[in-house]
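Read the structure below first, then the notes.
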Amino acid sequence: MSLPHAIPRPLVRLNQWTILLSVIVTWATGLAWILVIPLVANLLGVLCNFNPIIRFGKLFLKKAPASYIPEDAQQQKFNSSIASICLAAGFVGFFFNWYVVGYVFTTMVAIASSVAIAGFCIGCFLHFQLKQWQYRRSLKKAL
């Protein structure tokens, strides 16, 4: 299955809201299994290029997907990787009653998703810095 070049921004926001709300509901209810919903969706997106949350959200787009502001699919895959790690660590922490671990990792992913909803993508910034570092490293090897 080929990866699309861009994902419409409303679908990316839907995924971010799903992550944020699942963390909030987990904190409010103590039901850690709720974290499995965005965790599985984002892992499927990373591993199989199929995020069911985004696929479901496509059904509700009012315009053609290309008419929305595009988000880079590779960038979103990187962001989903980070979110998956944090969600998995948070779930494991809560599952084993390691509440500090659970709250630390779910707080990190909640902050990242809420800041992204507000307009600044922490994962995008990290991805850019990683690419810059790789580029600078490749220049040094070439010399």
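So you can find residues: chains in the structure tokens are A, B, ... in the order shown, residues in each start at 1, and ligands are numbered from 1 in order.
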Residue contacts of A:Phe91 (12 Å, only C-alpha atoms) excluding same-chain residues fewer than 2 positions away, as an NGL selection string: :A and (22-23 or 26-27 or 30-40 or 83-89 or 93-107 or 109)
From A:Leu43, A:Ala112, A:Ala142, A:Leu11, residue lying nearest A:Ser81 [only C-alpha atoms]: A:Leu43
Surrounding residues of A:Gln76 excluding itself and chain neighbours under 2 positions, 12 Å, only C-alpha atoms, as a PyMOL selection string: chain A and resi 3-9+11-13+15-16+42-43+45-46+49+51+54+70-74+78-84+116+121-125+127
d(atom CA of A:Ala41, atom CA of A:Ile24) in Å: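 Distance reported for this atom pair: 17.4 Å.
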Contacts of A:Trp17 within 8 Å, only C-alpha atoms, excl. fewer than 3 positions in-chain, as a ChimeraX atom specification: /A:13-14,20-21,113-114,117
Please produce a file of those selected residues containing N, CA and C atoms, as a PDB file, in the first residue's frame.
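Saved file selection-v5.pdb follows:
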```pdb
ATOM      1  N   ARG A  13      -5.832  16.660  12.694  1.00  0.00           N
ATOM      2  CA  ARG A  13      -6.388  17.223  13.942  1.00  0.00           C
ATOM      3  C   ARG A  13      -7.296  16.217  14.643  1.00  0.00           C
ATOM      4  N   LEU A  14      -8.066  15.467  13.885  1.00  0.00           N
ATOM      5  CA  LEU A  14      -8.916  14.432  14.470  1.00  0.00           C
ATOM      6  C   LEU A  14      -8.068  13.424  15.234  1.00  0.00           C
ATOM      7  N   LEU A  20      -5.457  13.201  22.632  1.00  0.00           N
ATOM      8  CA  LEU A  20      -5.645  14.057  23.799  1.00  0.00           C
ATOM      9  C   LEU A  20      -6.841  13.611  24.640  1.00  0.00           C
ATOM     10  N   LEU A  21      -7.964  13.365  23.996  1.00  0.00           N
ATOM     11  CA  LEU A  21      -9.169  12.978  24.741  1.00  0.00           C
ATOM     12  C   LEU A  21      -9.027  11.605  25.392  1.00  0.00           C
ATOM     13  N   SER A 113       0.162  16.756  21.844  1.00  0.00           N
ATOM     14  CA  SER A 113      -1.025  16.819  20.990  1.00  0.00           C
ATOM     15  C   SER A 113      -1.787  18.125  21.189  1.00  0.00           C
ATOM     16  N   SER A 114      -1.847  18.626  22.412  1.00  0.00           N
ATOM     17  CA  SER A 114      -2.563  19.892  22.623  1.00  0.00           C
ATOM     18  C   SER A 114      -1.809  21.071  22.022  1.00  0.00           C
ATOM     19  N   ILE A 117      -2.444  20.887  18.326  1.00  0.00           N
ATOM     20  CA  ILE A 117      -3.781  21.392  18.014  1.00  0.00           C
ATOM     21  C   ILE A 117      -3.775  22.922  18.005  1.00  0.00           C
TER      22      ILE A 117
END
```
Residues flagged helix (DSSP H, G or I) by DSSP in chain A, as a PyMOL selection string: chain A and resi 9-29+32-48+52-58+65-67+73-95+99-118+122-142
Atomic separation - atom CA of A:Phe128 relative to atom CA of A:Gln75, Å: 9.2 Å
Shortest interatomic distance to A:Tyr68 - which of A:Pro10, A:Ile111, A:Phe50, A:Lys140, counting only C-alpha atoms: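 Selected residue with least distance to A:Tyr68: A:Pro10.
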Coordinates-based distance that separates atom CA of A:Ile53 from atom CA of A:Ala66 (Å, one decimal): 18.4 Å
Enumerate, as a PDB file with N, CA, C and O atoms, in the first residue's frame, the complete set of residues in chain A that a backbone-based DSSP assignment places in strand (DSSP E or B).
```pdb
ATOM      1  N   ALA A   6       0.287  13.580   1.173  1.00  0.00           N
ATOM      2  CA  ALA A   6      -0.258  14.551   2.109  1.00  0.00           C
ATOM      3  C   ALA A   6      -1.547  14.016   2.733  1.00  0.00           C
ATOM      4  O   ALA A   6      -2.259  13.225   2.136  1.00  0.00           O
ATOM      5  N   ILE A   7      -1.781  14.487   3.946  1.00  0.00           N
ATOM      6  CA  ILE A   7      -2.997  14.144   4.679  1.00  0.00           C
ATOM      7  C   ILE A   7      -3.706  15.457   4.971  1.00  0.00           C
ATOM      8  O   ILE A   7      -3.072  16.408   5.440  1.00  0.00           O
ATOM      9  N   PRO A   8      -4.987  15.552   4.710  1.00  0.00           N
ATOM     10  CA  PRO A   8      -5.710  16.801   5.001  1.00  0.00           C
ATOM     11  C   PRO A   8      -5.629  17.159   6.492  1.00  0.00           C
ATOM     12  O   PRO A   8      -5.759  16.284   7.351  1.00  0.00           O
ATOM     13  N   PRO A  70      -2.641  20.697   3.351  1.00  0.00           N
ATOM     14  CA  PRO A  70      -2.018  19.377   3.450  1.00  0.00           C
ATOM     15  C   PRO A  70      -0.983  19.295   4.579  1.00  0.00           C
ATOM     16  O   PRO A  70      -0.307  20.260   4.899  1.00  0.00           O
ATOM     17  N   GLU A  71      -0.915  18.133   5.169  1.00  0.00           N
ATOM     18  CA  GLU A  71       0.130  17.806   6.139  1.00  0.00           C
ATOM     19  C   GLU A  71       0.952  16.676   5.535  1.00  0.00           C
ATOM     20  O   GLU A  71       0.402  15.732   4.967  1.00  0.00           O
ATOM     21  N   ASP A  72       2.263  16.763   5.641  1.00  0.00           N
ATOM     22  CA  ASP A  72       3.153  15.773   5.051  1.00  0.00           C
ATOM     23  C   ASP A  72       2.960  14.412   5.713  1.00  0.00           C
ATOM     24  O   ASP A  72       3.019  14.290   6.935  1.00  0.00           O
TER      25      ASP A  72
END
```
